[in-house]
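J.: Once you've had a glance at the structure underneath, I'll fire off some questions.
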Amino acid sequence: MLWKVYCALSPTACGVTLFLCWICQITVTDEPDVLYQKVEVLVKGHDRAVLDSYEFFTTMAAKELGINISKVEEPKKKIERLTLLKSVHIHKKHRVQYEMRTHYRNFEFLRLTGSTARVFLEYLQRNLPEGVAMEVTKTEIEKVPEHILEPLWNSIPEKEQSSQ
Amino acid sequence: MAAAAMCSVVMSLSRINQRLGVLTLNPVHKGAAYSKGVSVRGRRGGPPSSRPRREAGPPRWEKMTPDQDWTAVYPTAAAFKPSAVPLPIRMGYPVERGVPPAKEGNLELIKIPNFLHLTPAAIKKHCEALRLFCTEWPSALDSDAHCEEHFPIQLESRDYVFAGPSLRNPQARVVTLRVKLSSLNLDDHARKKMIKLVGERYCKKSDTLTLTADRCPLRKQNKDYAFYLLTVLYHESWKTEAWEQEKTVEDMEEYSWEDSPSQRNVLDTLLRMRTLGDSADAAVDTDSVRKELLASSEVQEYAASVSRLKNEGESESSVLQYREAVKKVLRL
């Protein structure tokens, strides 16, 4: 059975380096671990080089932790352009154009446990560079709840069927 | 520490001066332990300070060895320090007839996020520490089919990380529940009623029911609501209401050949063919003849082809099958 693994972290005064200064206590609880069939991470940024470096970091971290990476995609960039008047007053024929470029990178990880996903996602999110946004889509798998295995009135025959 | 020492030294000096009757020269500011070489506030144009300015030494990268521990130089995310990075990096638009500017005093290098704190050595160190908190995936669920078999319900939710005026994203509370109806305990009537109840949320091709819950403010609440909806749908579909007896042919989901105009027409045609062929004196017992005709293989084949045409639609193979069945029934 999989148990949830919690970490109680207490930072010391000197810094935030994970491996050097924090005193970690691993607690194992009886609660069964959540299972994620798929975790998709979409990162958005204005600079393609920054996303390239982040991709290298993510793939290496996933390999080190033994996480299955199914695909790494680069959706097409989107450019939002707007045209504004150059001058404060009149001069309608003179305008200035701005554009905002958004580059994307999509990572898909398969079959993660809840503890692994929590640790890995926190590691990724703490090392997210400035100006980069992230969207995480988690697909959790669960068993059919016990009360839906068969209709209620089959299991409680003596109860009167008053409520319809 | 240095300030306190200075002050005690100065105080002792002033006491000595007082004993000797010499006035103290300059009022010494407490805490003045830093070099005051360039601080000429209020002393513009005056004589230079006696304490000379400390010269900047050689840059740090000159003392670095190739096999040093880089994780100690950049342990966390930090701005680019040209004196601490031993690489001859140039960045920026080149000056006229020149090269991109060097790293000293280069704002472009400071602006862009750097990954100097996330070198492969650093990532390995971090992952060594993080591995303690990871758990292994159960080996029995190594494919999607196995996951589907043991854990049929899929719950999808999203998280957002971004910087803006507010850190919250209202789409983070949406929960989508997907389940295959084949994995639920439903009999024929319950399955058909469930499909009618959910309407568009059921996909016939993949046999998947999708319930999206976003009416509650918290994700946990939406998840509970989705399960509640599933429970209610399940129990309602098992119930048989009184008005369900009035189900007409138009309400049926599939075409069934029994008691259909096609069956009546075929049997009538075959009966008339028989009476024409037989002699006129036989008192025909229509019911038994009908049953006999129904049981015959040609009529069964014809029934199958008509059902296939109606249910699956027209395709080359189904139309050909119908043609063969008609030829056999009418003995052409």
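Following the order of the structure tokens, chains are lettered A, B, ..., residues in each are numbered from 1, and ligands are numbered from 1.
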List every residue of region 65-280 of chain B that DSSP, applied to the backbone, labels as alpha helix (DSSP H), and write the result as a VMD selection string.

T.: chain B and resid 70 to 73 107 to 111 120 to 130 144 to 150 188 to 198 219 to 238 261 to 277

J.: What's the 12 Å shell around Gln37 (chain A), counting only C-alpha atoms, without same-chain residues fewer than 4 positions away, as a ChimeraX atom specification?

T.: /A:67-68,70,108-114,117,137-142 /B:137-138,141-148,151-156

J.: Which residues of region 144-227 of chain B sit at most 6 Å from region 235-239 of chain B, using only C-alpha atoms? Give each one's shortest atom pair and distance in Å (one decimal place), in chain and ascending residue order, as JSON lines.

T.:
```
{"residue": "B:Ala190", "atom": "CA", "partner": "B:Ser237", "partner_atom": "CA", "distance": 4.6}
{"residue": "B:Lys193", "atom": "CA", "partner": "B:Ser237", "partner_atom": "CA", "distance": 5.3}
{"residue": "B:Met194", "atom": "CA", "partner": "B:Ser237", "partner_atom": "CA", "distance": 5.3}
```

J.: Let me see the file: selected residues, all heavy atoms, as a PDB file, in the first residue's frame.

T.:
```pdb
ATOM      1  N   ALA B 190     -31.177   0.834 -16.690  1.00  0.00           N
ATOM      2  CA  ALA B 190     -30.491   1.901 -15.953  1.00  0.00           C
ATOM      3  C   ALA B 190     -29.529   2.640 -16.858  1.00  0.00           C
ATOM      4  O   ALA B 190     -29.400   3.870 -16.797  1.00  0.00           O
ATOM      5  CB  ALA B 190     -29.755   1.304 -14.753  1.00  0.00           C
ATOM      6  N   LYS B 193     -31.494   4.891 -19.201  1.00  0.00           N
ATOM      7  CA  LYS B 193     -32.047   6.048 -18.480  1.00  0.00           C
ATOM      8  C   LYS B 193     -30.950   7.033 -18.104  1.00  0.00           C
ATOM      9  O   LYS B 193     -31.140   8.247 -18.189  1.00  0.00           O
ATOM     10  CB  LYS B 193     -32.773   5.565 -17.223  1.00  0.00           C
ATOM     11  CG  LYS B 193     -33.514   6.676 -16.516  1.00  0.00           C
ATOM     12  CD  LYS B 193     -34.497   6.160 -15.511  1.00  0.00           C
ATOM     13  CE  LYS B 193     -35.134   7.343 -14.800  1.00  0.00           C
ATOM     14  NZ  LYS B 193     -35.952   6.944 -13.665  1.00  0.00           N
ATOM     15  N   MET B 194     -29.793   6.505 -17.732  1.00  0.00           N
ATOM     16  CA  MET B 194     -28.670   7.386 -17.374  1.00  0.00           C
ATOM     17  C   MET B 194     -28.256   8.229 -18.575  1.00  0.00           C
ATOM     18  O   MET B 194     -28.012   9.427 -18.468  1.00  0.00           O
ATOM     19  CB  MET B 194     -27.495   6.510 -16.900  1.00  0.00           C
ATOM     20  CG  MET B 194     -26.211   7.233 -16.695  1.00  0.00           C
ATOM     21  SD  MET B 194     -26.125   7.984 -15.083  1.00  0.00           S
ATOM     22  CE  MET B 194     -25.151   6.821 -14.202  1.00  0.00           C
TER      23      MET B 194
END
```

J.: Could you write out as a PyMOL selection string the residues of chain A within 7 Å of chain B, counting only C-alpha atoms?

T.: chain A and resi 5+7+17-19+61+64-65+111-113+115-116+119+129-130+133-144+148-151

J.: In Å to one decimal, how far is CA of Leu116 (chain B) from CA of Val39 (chain A)?

T.: 27.1 Å

J.: If you count only C-alpha atoms, which residues fall within 12 Å of Pro88 (chain B), apart from same-chain ones fewer than 2 positions away, as a PyMOL selection string?

T.: chain B and resi 61+82-86+90-91+100-104
